[in-house]
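Dropping structure_37.cif in here (mmCIF, C-alpha atoms and all ligand atoms):
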data_input
loop_
_atom_site.label_atom_id
_atom_site.label_comp_id
_atom_site.auth_asym_id
_atom_site.auth_seq_id
_atom_site.Cartn_x
_atom_site.Cartn_y
_atom_site.Cartn_z
CA PRO R 619 78.03 185.05 100.73
CA TYR R 620 81.47 183.99 99.45
CA PRO R 621 82.40 187.08 97.39
CA PHE R 622 81.49 189.16 100.46
CA TYR R 623 83.78 187.08 102.69
CA ARG R 624 86.62 187.45 100.19
CA LYS R 625 86.16 191.22 100.12
CA LEU R 626 86.25 191.33 103.90
CA GLN R 627 89.42 189.22 103.92
CA GLU R 628 91.09 191.61 101.51
CA GLN R 629 89.90 194.79 103.19
CA SER R 630 90.41 194.30 106.86
CA ARG R 631 91.85 191.78 109.27
CA LEU R 632 89.46 192.83 112.02
CA TYR R 633 86.37 194.66 110.81
CA PHE R 634 84.29 196.69 113.27
CA GLN R 635 80.53 197.08 113.14
CA PRO R 636 78.97 199.30 115.82
CA SER R 637 75.57 198.29 117.10
CA HIS R 638 72.59 200.61 116.85
CA GLU R 639 70.55 198.75 119.43
CA GLU R 640 71.08 198.84 123.15
CA THR R 641 70.58 195.10 123.66
CA VAL R 642 72.96 194.09 120.86
CA PRO R 643 76.71 194.35 121.51
CA ASP R 644 79.16 195.98 119.09
CA ARG R 645 80.68 193.38 116.80
CA TRP R 646 84.03 192.63 115.24
CA PHE R 647 84.44 190.28 112.26
CA LEU R 648 87.33 187.90 111.67
CA SER R 649 87.71 186.19 108.30
CA HIS R 650 91.31 184.91 108.12
CA TYR R 651 91.87 181.24 108.98
CA ASP R 652 94.68 181.73 111.50
CA ASP R 653 92.84 184.57 113.27
CA VAL R 654 89.57 182.63 113.55
CA VAL R 655 91.41 179.60 114.99
CA HIS R 656 93.32 181.84 117.37
CA VAL R 657 90.20 183.49 118.87
CA LEU R 658 88.31 180.18 119.16
CA LYS R 659 91.19 178.86 121.26
CA ASP R 660 91.91 182.03 123.26
CA LYS R 661 90.58 181.87 126.85
CA ARG R 662 90.07 185.64 126.94
CA PHE R 663 87.07 185.05 124.67
CA GLY R 664 84.08 182.98 125.79
CA ARG R 665 80.46 182.16 125.11
CA GLU R 666 78.98 183.84 128.14
CA ASN R 667 77.78 187.40 128.11
CA GLU R 668 75.48 189.36 130.32
CA ALA R 669 72.42 188.53 128.23
CA ASN R 670 72.77 184.77 128.37
CA VAL R 671 73.57 184.52 132.09
CA SER R 672 70.79 186.89 133.13
CA SER R 673 68.35 185.56 135.66
CA GLY R 674 65.17 185.97 133.61
CA TYR R 675 63.36 182.70 133.40
CA THR R 676 61.47 182.36 130.16
CA ALA R 677 61.55 178.93 128.55
CA LEU R 678 63.84 180.29 125.86
CA GLU R 679 66.29 181.73 128.38
CA ALA R 680 66.26 178.55 130.42
CA VAL R 681 67.12 176.55 127.33
CA ASN R 682 69.83 179.01 126.29
CA ARG R 683 71.39 179.17 129.73
CA GLY R 684 71.49 175.42 130.14
CA VAL R 685 73.21 174.49 126.90
CA MET R 686 76.92 173.73 126.98
CA LEU R 687 77.39 175.76 123.82
CA HIS R 688 76.55 178.94 125.74
CA ARG R 689 78.66 178.21 128.82
CA ASP R 690 82.32 178.65 129.67
CA PRO R 691 84.33 176.36 131.97
CA PRO R 692 83.74 175.00 134.57
CA ASP R 693 80.03 174.64 133.66
CA HIS R 694 80.86 173.85 130.06
CA THR R 695 83.27 171.08 131.08
CA ARG R 696 80.70 169.54 133.42
CA LEU R 697 77.82 169.64 130.92
CA ARG R 698 79.89 168.33 128.01
CA SER R 699 81.42 165.47 129.98
CA LEU R 700 77.96 164.12 130.84
CA VAL R 701 77.24 163.28 127.23
CA SER R 702 80.62 163.20 125.52
CA LYS R 703 81.12 159.44 125.98
CA ALA R 704 78.10 158.70 123.80
CA PHE R 705 79.59 160.69 120.90
CA THR R 706 83.13 159.32 120.64
CA PRO R 707 84.03 157.93 117.20
CA ALA R 708 84.09 154.38 118.65
CA MET R 709 80.60 154.66 120.19
CA VAL R 710 79.20 156.33 117.11
CA ALA R 711 80.68 153.65 114.81
CA GLN R 712 78.39 151.13 116.51
CA LEU R 713 75.40 153.05 115.14
CA ARG R 714 76.35 152.29 111.53
CA PRO R 715 73.92 149.37 110.98
CA ASN R 716 71.02 151.35 112.45
CA ILE R 717 71.78 154.44 110.36
CA GLU R 718 72.15 152.29 107.23
CA GLN R 719 68.75 150.79 107.86
CA ILE R 720 67.14 154.21 108.30
CA CYS R 721 68.82 155.40 105.11
CA ASP R 722 67.66 152.30 103.17
CA GLU R 723 64.08 152.86 104.29
CA LEU R 724 64.15 156.48 103.12
CA LEU R 725 65.71 155.47 99.79
CA ASP R 726 62.98 152.81 99.32
CA VAL R 727 60.32 155.49 99.60
CA MET R 728 62.23 157.73 97.18
CA GLU R 729 62.47 154.91 94.65
CA GLU R 730 58.73 154.46 94.73
CA LYS R 731 57.99 158.16 94.41
CA GLN R 732 60.52 158.82 91.65
CA ASP R 733 59.92 162.58 91.74
CA VAL R 734 61.57 163.54 94.98
CA ASP R 735 62.80 166.44 97.07
CA LEU R 736 66.19 165.39 98.40
CA ILE R 737 65.79 167.75 101.37
CA ALA R 738 62.31 166.71 102.54
CA ASP R 739 62.68 163.04 101.61
CA LEU R 740 66.21 162.35 102.81
CA ALA R 741 68.35 165.16 104.27
CA MET R 742 65.71 166.33 106.74
CA PRO R 743 64.36 163.06 108.17
CA LEU R 744 67.58 161.05 108.47
CA PRO R 745 69.45 163.06 111.16
CA VAL R 746 66.37 163.48 113.35
CA MET R 747 65.53 159.77 113.15
CA VAL R 748 69.09 158.85 114.16
CA ILE R 749 69.35 161.25 117.10
CA SER R 750 65.82 160.37 118.28
CA ASP R 751 66.88 156.73 118.50
CA MET R 752 69.99 157.67 120.47
CA LEU R 753 68.04 159.71 123.00
CA GLY R 754 65.10 157.35 123.12
CA VAL R 755 62.45 159.62 121.62
CA PRO R 756 59.85 158.09 119.25
CA LYS R 757 60.88 158.55 115.63
CA GLU R 758 57.23 159.24 114.75
CA ASP R 759 57.50 162.58 116.58
CA ARG R 760 60.12 163.85 114.16
CA VAL R 761 57.92 166.49 112.56
CA LEU R 762 57.23 168.06 115.95
CA ILE R 763 60.92 168.01 116.85
CA LYS R 764 61.94 169.35 113.47
CA ASN R 765 59.54 172.28 113.77
CA TRP R 766 60.63 173.23 117.29
CA SER R 767 64.29 172.91 116.30
CA HIS R 768 63.83 175.12 113.27
CA VAL R 769 62.20 177.85 115.33
CA LEU R 770 64.90 177.62 118.02
CA ALA R 771 67.68 177.78 115.41
CA GLY R 772 66.06 180.98 114.14
CA THR R 773 66.50 182.56 117.57
CA LEU R 774 70.29 182.17 117.26
CA GLU R 775 70.37 184.31 114.14
CA PRO R 776 71.54 187.92 114.46
CA GLY R 777 68.81 190.57 114.42
CA ILE R 778 66.22 188.40 116.14
CA THR R 779 62.81 190.10 116.02
CA PRO R 780 60.21 190.13 118.83
CA ALA R 781 58.09 187.80 116.66
CA ASN R 782 60.99 185.30 116.41
CA GLU R 783 61.46 185.57 120.13
CA THR R 784 57.78 184.89 120.89
CA ASP R 785 57.84 181.89 118.55
CA GLY R 786 61.06 180.72 120.22
CA MET R 787 59.54 180.94 123.68
CA LYS R 788 56.49 179.00 122.57
CA ALA R 789 58.64 176.32 120.91
CA GLY R 790 60.91 176.09 123.99
CA MET R 791 57.89 175.68 126.27
CA GLU R 792 56.28 173.01 124.09
CA PHE R 793 59.58 171.14 123.73
CA ILE R 794 60.01 171.14 127.53
CA GLN R 795 56.47 169.87 128.09
CA TYR R 796 57.03 167.13 125.54
CA LEU R 797 60.24 166.05 127.28
CA GLN R 798 58.54 166.08 130.68
CA ASP R 799 56.26 163.25 129.56
CA ILE R 800 59.20 161.25 128.22
CA PHE R 801 61.16 161.76 131.46
CA GLU R 802 58.21 160.46 133.45
CA GLN R 803 57.98 157.34 131.31
CA ARG R 804 61.74 156.72 131.63
CA ASN R 805 61.74 157.20 135.38
CA LYS R 806 59.15 154.41 135.57
CA HIS R 807 60.69 152.24 132.85
CA PRO R 808 64.42 152.95 132.31
CA LYS R 809 65.81 152.00 128.90
CA ASP R 810 69.21 151.74 127.30
CA ASP R 811 69.16 155.28 125.89
CA LEU R 812 70.72 158.70 126.50
CA ILE R 813 67.70 160.18 128.25
CA THR R 814 67.73 157.38 130.82
CA SER R 815 71.45 157.86 131.44
CA LEU R 816 70.98 161.63 131.87
CA LEU R 817 68.17 161.03 134.34
CA GLN R 818 70.51 158.81 136.34
CA VAL R 819 73.27 161.42 136.50
CA GLU R 820 72.33 162.53 139.99
CA GLU R 821 72.50 159.01 141.32
CA ALA R 822 76.03 158.85 139.94
CA GLY R 823 76.93 161.81 142.19
CA GLU R 824 77.18 164.42 139.44
CA THR R 825 75.18 167.60 139.10
CA LEU R 826 72.76 168.57 136.41
CA SER R 827 69.95 170.98 137.18
CA ARG R 828 66.48 170.43 135.77
CA SER R 829 66.80 173.25 133.27
CA GLU R 830 70.22 171.93 132.20
CA LEU R 831 68.70 168.50 131.70
CA TYR R 832 66.02 169.92 129.40
CA ALA R 833 68.50 172.14 127.63
CA THR R 834 70.92 169.27 127.00
CA CYS R 835 68.21 167.08 125.50
CA ILE R 836 66.91 169.93 123.37
CA LEU R 837 70.40 170.86 122.19
CA LEU R 838 71.14 167.27 121.16
CA LEU R 839 67.79 166.79 119.44
CA ALA R 840 68.03 170.14 117.67
CA ALA R 841 71.76 170.25 116.82
CA GLY R 842 71.62 167.90 113.86
CA HIS R 843 68.78 169.72 112.14
CA GLU R 844 69.94 172.78 110.35
CA THR R 845 73.42 171.18 110.27
CA THR R 846 73.55 167.53 109.15
CA THR R 847 70.51 168.18 106.96
CA ASN R 848 72.47 170.92 105.26
CA LEU R 849 75.66 168.84 105.04
CA ILE R 850 73.65 166.33 102.99
CA GLY R 851 71.73 168.95 100.99
CA ASN R 852 74.69 171.25 100.34
CA GLY R 853 76.79 168.19 99.48
CA LEU R 854 74.38 166.82 96.90
CA PHE R 855 73.89 170.25 95.37
CA THR R 856 77.64 170.87 95.11
CA LEU R 857 78.41 167.41 93.73
CA TRP R 858 75.75 167.76 91.05
CA LYS R 859 77.11 171.22 90.20
CA HIS R 860 80.58 169.69 89.75
CA GLN R 861 79.88 166.70 87.56
CA ASP R 862 83.57 165.80 87.18
CA GLU R 863 83.92 165.47 90.95
CA LEU R 864 80.67 163.49 91.08
CA SER R 865 82.04 161.03 88.49
CA LYS R 866 85.24 160.74 90.50
CA LEU R 867 83.22 159.82 93.59
CA ARG R 868 81.03 157.35 91.72
CA ALA R 869 84.17 155.66 90.39
CA ASP R 870 85.83 155.50 93.80
CA PRO R 871 83.45 155.42 96.79
CA GLU R 872 86.46 155.23 99.11
CA LEU R 873 86.79 158.97 98.49
CA THR R 874 83.54 159.56 100.43
CA PRO R 875 85.12 160.59 103.78
CA SER R 876 87.36 163.07 102.00
CA ALA R 877 84.41 164.34 99.93
CA VAL R 878 82.50 164.97 103.19
CA GLU R 879 85.43 167.06 104.51
CA GLU R 880 85.49 169.06 101.27
CA ILE R 881 81.74 169.72 101.47
CA LEU R 882 82.21 170.96 105.04
CA ARG R 883 84.96 173.28 103.79
CA TYR R 884 83.29 174.51 100.62
CA GLU R 885 79.66 174.86 101.79
CA PRO R 886 79.73 174.72 105.60
CA PRO R 887 76.27 174.31 107.18
CA ILE R 888 77.35 176.66 109.99
CA GLN R 889 78.86 179.72 108.40
CA ARG R 890 79.88 181.58 111.51
CA THR R 891 80.02 181.52 115.26
CA GLY R 892 81.19 184.06 117.82
CA ARG R 893 82.85 184.74 121.14
CA PHE R 894 82.37 187.52 123.68
CA ALA R 895 85.45 189.26 125.04
CA GLN R 896 85.58 188.36 128.75
CA GLN R 897 87.96 191.27 129.40
CA ASP R 898 89.37 194.18 127.39
CA VAL R 899 91.65 192.67 124.76
CA GLU R 900 94.05 194.23 122.28
CA LEU R 901 93.91 192.33 119.02
CA TYR R 902 95.89 193.17 115.88
CA GLY R 903 96.36 196.72 117.08
CA LYS R 904 92.69 197.31 117.91
CA GLN R 905 90.97 197.57 121.28
CA ILE R 906 88.16 195.08 121.87
CA LYS R 907 86.14 195.99 124.93
CA LYS R 908 84.80 193.52 127.47
CA GLY R 909 81.36 192.25 126.36
CA GLN R 910 81.86 192.96 122.66
CA LEU R 911 81.25 190.12 120.22
CA VAL R 912 83.91 188.77 117.88
CA VAL R 913 82.22 187.01 114.96
CA THR R 914 84.41 184.22 113.63
CA LEU R 915 83.52 183.54 110.00
CA LEU R 916 84.18 179.81 109.65
CA ALA R 917 83.08 179.79 106.03
CA ALA R 918 85.46 182.64 105.13
CA ALA R 919 88.34 180.92 106.95
CA ASN R 920 87.58 177.76 104.98
CA ARG R 921 88.33 179.64 101.77
CA ASP R 922 91.40 181.52 102.96
CA PRO R 923 94.03 181.24 100.19
CA LYS R 924 96.79 181.32 102.82
CA GLN R 925 95.52 178.01 104.19
CA PHE R 926 94.00 176.29 101.13
CA THR R 927 95.51 176.06 97.68
CA ASP R 928 93.02 177.16 95.05
CA PRO R 929 90.29 177.66 97.69
CA GLU R 930 87.43 178.32 95.24
CA ARG R 931 87.95 174.90 93.67
CA PHE R 932 85.73 172.07 94.91
CA ASP R 933 88.09 169.09 95.08
CA ILE R 934 86.84 165.95 96.81
CA SER R 935 90.35 164.52 97.10
CA ARG R 936 91.87 167.65 98.63
CA GLN R 937 94.81 166.83 100.91
CA PRO R 938 95.50 168.20 103.43
CA ASN R 939 92.10 169.63 104.32
CA ARG R 940 92.03 171.28 107.71
CA GLN R 941 88.53 172.69 107.28
CA ILE R 942 86.95 174.20 110.40
CA GLY R 943 83.26 173.63 109.63
CA PHE R 944 82.93 171.93 113.04
CA GLY R 945 84.58 174.82 114.86
CA MET R 946 87.69 174.62 117.01
CA GLY R 947 88.73 174.61 120.65
CA ILE R 948 86.66 173.48 123.63
CA HIS R 949 83.32 173.86 121.82
CA TYR R 950 84.45 171.77 118.84
CA CYS R 951 81.33 170.05 117.57
CA LEU R 952 80.37 167.19 119.86
CA GLY R 953 78.38 165.57 117.06
CA ALA R 954 81.19 165.67 114.46
CA PRO R 955 81.77 161.87 114.42
CA LEU R 956 78.03 161.31 114.06
CA ALA R 957 77.60 163.90 111.30
CA ARG R 958 80.59 162.46 109.41
CA LEU R 959 79.18 158.93 109.68
CA GLU R 960 75.73 160.04 108.50
CA GLY R 961 77.27 161.88 105.55
CA ASP R 962 79.40 158.87 104.67
CA ILE R 963 76.44 156.49 104.70
CA VAL R 964 74.07 158.75 102.75
CA PHE R 965 76.48 159.62 99.93
CA ARG R 966 77.69 156.03 99.52
CA LYS R 967 74.21 154.53 99.52
CA LEU R 968 72.58 157.13 97.33
CA LEU R 969 75.26 156.96 94.63
CA SER R 970 75.53 153.19 94.57
CA ARG R 971 71.78 152.63 94.49
CA PHE R 972 70.68 155.29 92.00
CA SER R 973 73.09 155.27 89.10
CA SER R 974 71.07 157.80 87.15
CA LEU R 975 69.71 160.13 89.79
CA ASP R 976 68.98 163.50 88.25
CA ILE R 977 69.16 166.48 90.61
CA ASN R 978 67.99 169.89 89.47
CA VAL R 979 70.62 172.43 90.49
CA SER R 980 69.60 175.21 88.14
CA ASN R 981 67.40 177.27 90.48
CA PRO R 982 68.71 176.79 94.00
CA GLU R 983 66.48 178.22 96.71
CA TRP R 984 68.77 178.94 99.66
CA ASN R 985 67.27 179.64 103.07
CA ARG R 986 67.49 183.23 104.28
CA MET R 987 69.50 182.52 107.39
CA VAL R 988 72.89 184.04 108.16
CA ILE R 989 74.40 181.40 110.42
CA PHE R 990 72.87 178.27 108.90
CA ARG R 991 73.38 177.77 105.17
CA GLY R 992 71.14 175.31 103.42
CA LEU R 993 68.62 174.76 100.66
CA LYS R 994 64.88 174.87 101.12
CA LYS R 995 64.32 172.31 98.40
CA LEU R 996 66.37 170.11 96.09
CA PRO R 997 64.17 168.48 93.45
CA GLY R 998 65.32 165.33 91.74
CA THR R 999 64.16 162.34 89.72
CA VAL R 1000 65.09 158.82 90.60
CA CYS R 1001 65.27 156.47 87.62
C1 LIG X 1101 78.98 172.58 118.38
C2 LIG X 1101 78.86 172.38 113.54
C3 LIG X 1101 76.23 168.31 113.72
C4 LIG X 1101 76.10 168.68 118.53
C5 LIG X 1101 79.20 172.85 117.04
C6 LIG X 1101 80.01 173.94 116.56
C7 LIG X 1101 79.95 173.88 115.19
C8 LIG X 1101 79.13 172.76 114.82
C9 LIG X 1101 80.62 174.85 114.21
C10 LIG X 1101 80.81 174.93 117.39
C11 LIG X 1101 80.10 176.22 117.67
C12 LIG X 1101 80.98 177.18 118.41
O1 LIG X 1101 82.17 176.93 118.65
O2 LIG X 1101 80.47 178.25 118.77
C13 LIG X 1101 78.15 171.26 113.18
C14 LIG X 1101 77.97 170.81 111.82
C15 LIG X 1101 77.25 169.65 111.87
C16 LIG X 1101 76.96 169.39 113.27
C17 LIG X 1101 78.51 171.53 110.58
C18 LIG X 1101 76.79 168.75 110.76
C19 LIG X 1101 77.38 168.64 109.62
C20 LIG X 1101 75.98 168.04 115.04
C21 LIG X 1101 75.25 166.89 115.54
C22 LIG X 1101 75.22 167.02 116.90
C23 LIG X 1101 75.94 168.23 117.25
C24 LIG X 1101 74.67 165.77 114.68
C25 LIG X 1101 74.61 166.12 117.95
C26 LIG X 1101 73.72 165.34 117.87
C27 LIG X 1101 76.84 169.77 118.89
C28 LIG X 1101 76.99 170.23 120.26
C29 LIG X 1101 77.82 171.35 120.21
C30 LIG X 1101 78.17 171.58 118.81
C31 LIG X 1101 76.37 169.59 121.49
C32 LIG X 1101 78.28 172.21 121.40
C33 LIG X 1101 79.60 171.67 121.89
C34 LIG X 1101 80.18 172.47 123.03
O3 LIG X 1101 79.69 173.57 123.34
O4 LIG X 1101 81.11 171.95 123.65
N1 LIG X 1101 78.68 172.13 115.98
N2 LIG X 1101 77.50 170.39 114.02
N3 LIG X 1101 76.39 168.81 116.11
N4 LIG X 1101 77.56 170.60 118.05
FE1 LIG X 1101 77.60 170.43 116.05
#
Turn the structure described in the file into structure tokens.
Amino acid sequence: PYPFYRKLQEQSRLYFQPSHEETVPDRWFLSHYDDVVHVLKDKRFGRENEANVSSGYTALEAVNRGVMLHRDPPDHTRLRSLVSKAFTPAMVAQLRPNIEQICDELLDVMEEKQDVDLIADLAMPLPVMVISDMLGVPKEDRVLIKNWSHVLAGTLEPGITPANETDGMKAGMEFIQYLQDIFEQRNKHPKDDLITSLLQVEEAGETLSRSELYATCILLLAAGHETTTNLIGNGLFTLWKHQDELSKLRADPELTPSAVEEILRYEPPIQRTGRFAQQDVELYGKQIKKGQLVVTLLAAANRDPKQFTDPERFDISRQPNRQIGFGMGIHYCLGAPLARLEGDIVFRKLLSRFSSLDINVSNPEWNRMVIFRGLKKLPGTVC
């Protein structure tokens, strides 16, 4: 997608694409760093539009309506504050030993197998095992959760088909039923986990409707899937493609946090997000009408030459690196400290343990999604 982003950057500051379908709003595209940051922080643009605050009550709509990502203040502020304490860098740092143990277990299995798929054997299971522990969901159910999350992520993609929507509704319904059982167990036997603390929110005098409760749990369980998985996968692929940078990292593991930032800049797992104009807005001499969507291309902004010197160069010691792979403004990724920690642990452990890991980067099979960028497979040999 990168040559296309560059072309867009060169051609037009604000590119218009009319919609040919009644249910899809007209869209504008932003690709320059400063412009993307500006719109993500501008209160005249928000996440709510008529479609996602409609009163239809399918499982998919209920999930969509209840997630903080699709709400504006004050609902957004309320929903985010209920879980934000669990995701501060200090709280997340306490998870390090647990994440290291999960990572070690996965690496043990890889060592035995020798012929591995870095996506299926490492990048996919690790984030779901970590977040399941935080919420208090059995790790053994990770395949179920992964499948529902993948289907739900597909419903966020532009051009969603009726088949995607039907699958999304089914997945939303099954996910809700699954959580219902867990809520019942926790009501009887509270534990020291996030689900228990969310169930106790009402006792603490705060408000969280039933559908918001489900939606929050689903968002947290699903959010690390197509994202942290792809941070790990895209990172390994890019490092093995740039052997000089890989050697630099092997020689100095203290570069790992900065390598993670560069991976998020160079191959961001979330390529774009968007905001709906909440009123008519004039932007860079053009008229954006209320309800129209402004697509903010995070991945294009991350390679804007006005912000990054030599943007096409993958440089794990890049300083400064104000990449916006986690977004910007009030919806800035809640899970950023967790994703960074997971990335840090995986890259450090993998490189120190397998000195001659061979990853095949010659025939990359990228997924066919527009928002989420990641590899379907990443074959390797552990020796
Ligand atoms: C929001 C990226 C991992 C939870 C976002 C946004 C981005 C993003 C770009 C903002 C979307 C927007 O403004 O429209 C990523 C990336 C990740 C990652 C690249 C991994 C490398 C995670 C994890 C969790 C998480 C592990 C939680 C377990 C969330 C939540 C929001 C969010 C709850 C919504 C925040 C809000 O609306 O206030 N993420 N994410 N993310 N992310 Fe992440």
Contacts of R:His843 at 8 Å (only C-alpha atoms; same-chain gap of 6+ positions) as a PyMOL selection string: chain R and resi 742+745-746+764+767-768
Here is a test: counting only C-alpha atoms and all ligand atoms, which residue of R:Lys806, R:Arg936, R:Lys757, R:Arg883 is nearest to ligand LIG 1101 (chain X)?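 Once distances to ligand LIG 1101 (chain X) are computed over only C-alpha atoms and all ligand atoms, the minimum belongs to R:Arg883.
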Between atom CA of R:Asn981 and atom CA of R:Lys731 - distance in Å to one decimal: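 These two atoms are separated by 21.7 Å.
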So what do you get for atom CA of R:Gln712 versus atom C31 of ligand LIG 1101 (chain X), distance-wise? 19.2 Å
Taking only C-alpha atoms and all ligand atoms into account, which residues have an atom no farther than 6 Å from ligand LIG 1101 (chain X)? I'd like them as a list in words. Met686, Leu687, Arg698, Leu838, Ala841, Gly842, Thr845, Thr846, Leu849, Pro887, Ile888, Thr891, Gly892, Gly943, Phe944, Gly945, Ile948, His949, Tyr950, Cys951, Leu952, Gly953, Ala954, Leu956 and Ala957 of chain R
Rows by chain and residue number, stretch 753-780 of chain R within 10 Å of stretch 985-999 of chain R, shortest pair, all atoms listed in the file, as a Markdown table:
| residue | atom | partner | partner_atom | distance |
| --- | --- | --- | --- | --- |
| R:Ala771 | CA | R:Phe990 | CA | 8.3 |
| R:Gly772 | CA | R:Met987 | CA | 7.7 |
| R:Leu774 | CA | R:Ile989 | CA | 8.0 |
| R:Glu775 | CA | R:Ile989 | CA | 6.2 |
| R:Pro776 | CA | R:Val988 | CA | 7.5 |
| R:Gly777 | CA | R:Val988 | CA | 9.9 |
Which polymer residues have any atom within 10 Å of an atom of R:Leu725, counting only C-alpha atoms, with same-chain residues fewer than 3 positions away left out, as a list in words?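 The contact residues come out as Gln719, Ile720, Cys721, Asp722, Met728, Glu729, Glu730, Lys731, Asp739, Leu740, Val964, Lys967, Leu968, Arg971, Phe972 and Val1000 of chain R.
Distance-wise, atom CA of R:Arg828 and atom CA of R:Ser750 end up 20.2 Å apart.
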Long-range neighbours of stretch 863-872 of chain R as a ChimeraX atom specification, 12 Å cut-off, only C-alpha atoms, 3 positions minimum in chain: /R:853-860,875-878,880-881,931-936,962-975,977
Within 10 Å of stretch 894-916 of chain R, which residues of stretch 637-750 of chain R show up? Give each one with its shortest atom-to-atom distance in Å (one decimal) and the two atoms involved, counting only C-alpha atoms, rows by chain then rising residue number, as a tab-separated table.
residue	atom	partner	partner_atom	distance
R:Ser637	CA	R:Gln910	CA	9.9
R:Val642	CA	R:Gln910	CA	9.2
R:Pro643	CA	R:Gln910	CA	5.5
R:Asp644	CA	R:Gln910	CA	5.4
R:Arg645	CA	R:Leu911	CA	4.8
R:Trp646	CA	R:Val912	CA	4.7
R:Phe647	CA	R:Val913	CA	4.8
R:Leu648	CA	R:Thr914	CA	5.1
R:Ser649	CA	R:Leu915	CA	5.2
R:His650	CA	R:Leu915	CA	8.1
R:Tyr651	CA	R:Leu916	CA	7.9
R:Asp653	CA	R:Thr914	CA	8.4
R:Val654	CA	R:Thr914	CA	5.4
R:Val655	CA	R:Thr914	CA	8.5
R:His656	CA	R:Thr914	CA	10.0
R:Val657	CA	R:Thr914	CA	7.8
R:Leu658	CA	R:Thr914	CA	7.9
R:Asp660	CA	R:Ala895	CA	9.9
R:Lys661	CA	R:Gln896	CA	8.4
R:Arg662	CA	R:Gln896	CA	5.6
R:Phe663	CA	R:Ala895	CA	4.5
R:Gly664	CA	R:Phe894	CA	5.3
R:Arg665	CA	R:Phe894	CA	5.9
R:Glu666	CA	R:Phe894	CA	6.7
R:Asn667	CA	R:Gly909	CA	6.3
R:Glu668	CA	R:Gly909	CA	7.7
R:Ala669	CA	R:Gly909	CA	9.9
Hey, which of R:Ala708, R:Val748, R:Leu770, R:Gly754 ends up closest to R:Thr847? Count all atoms listed in the file.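 Comparing R:Ala708, R:Val748, R:Leu770, R:Gly754 against R:Thr847, the winner is R:Val748.
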Determine, counting only C-alpha atoms, which protein, DNA and RNA residues have an atom within 9 Å of an atom of stretch 812-815 of chain R; residues of the same chain fewer than 2 positions away are not included. Present the result as a list in words. Val701, Ala704, Met752, Leu753, Gly754, Val755, Ile800, Phe801, Arg804, Asn805, His807, Pro808, Lys809, Asp810, Leu817, Gln818, Val819 and Cys835 of chain R
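The smallest atom-to-atom distance between R:Lys659 and any of R:His688, R:Arg714, R:Arg624, R:Arg893, using all atoms listed in the file, is found for R:Arg893.
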May I ask which of the residues R:Arg958, R:Arg921, R:Lys703, R:Arg689 is the closest one to R:Ile717, counting only C-alpha atoms?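 Among R:Arg958, R:Arg921, R:Lys703, R:Arg689, it is R:Arg958 that comes nearest to R:Ile717.
Of the residues listed (R:Leu959, R:Leu839, R:Asp726, R:Asp735), R:Leu839 shows the shortest atom-to-atom separation from R:Asn765; distances use all atoms listed in the file.
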Restricting the calculation to all atoms listed in the file, which member of R:Asn978, R:Gln627, R:Gly961, R:Asp751 is positioned closest to R:Leu713?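 Checking each of R:Asn978, R:Gln627, R:Gly961, R:Asp751 against R:Leu713, counting all atoms listed in the file, the winner is R:Asp751.
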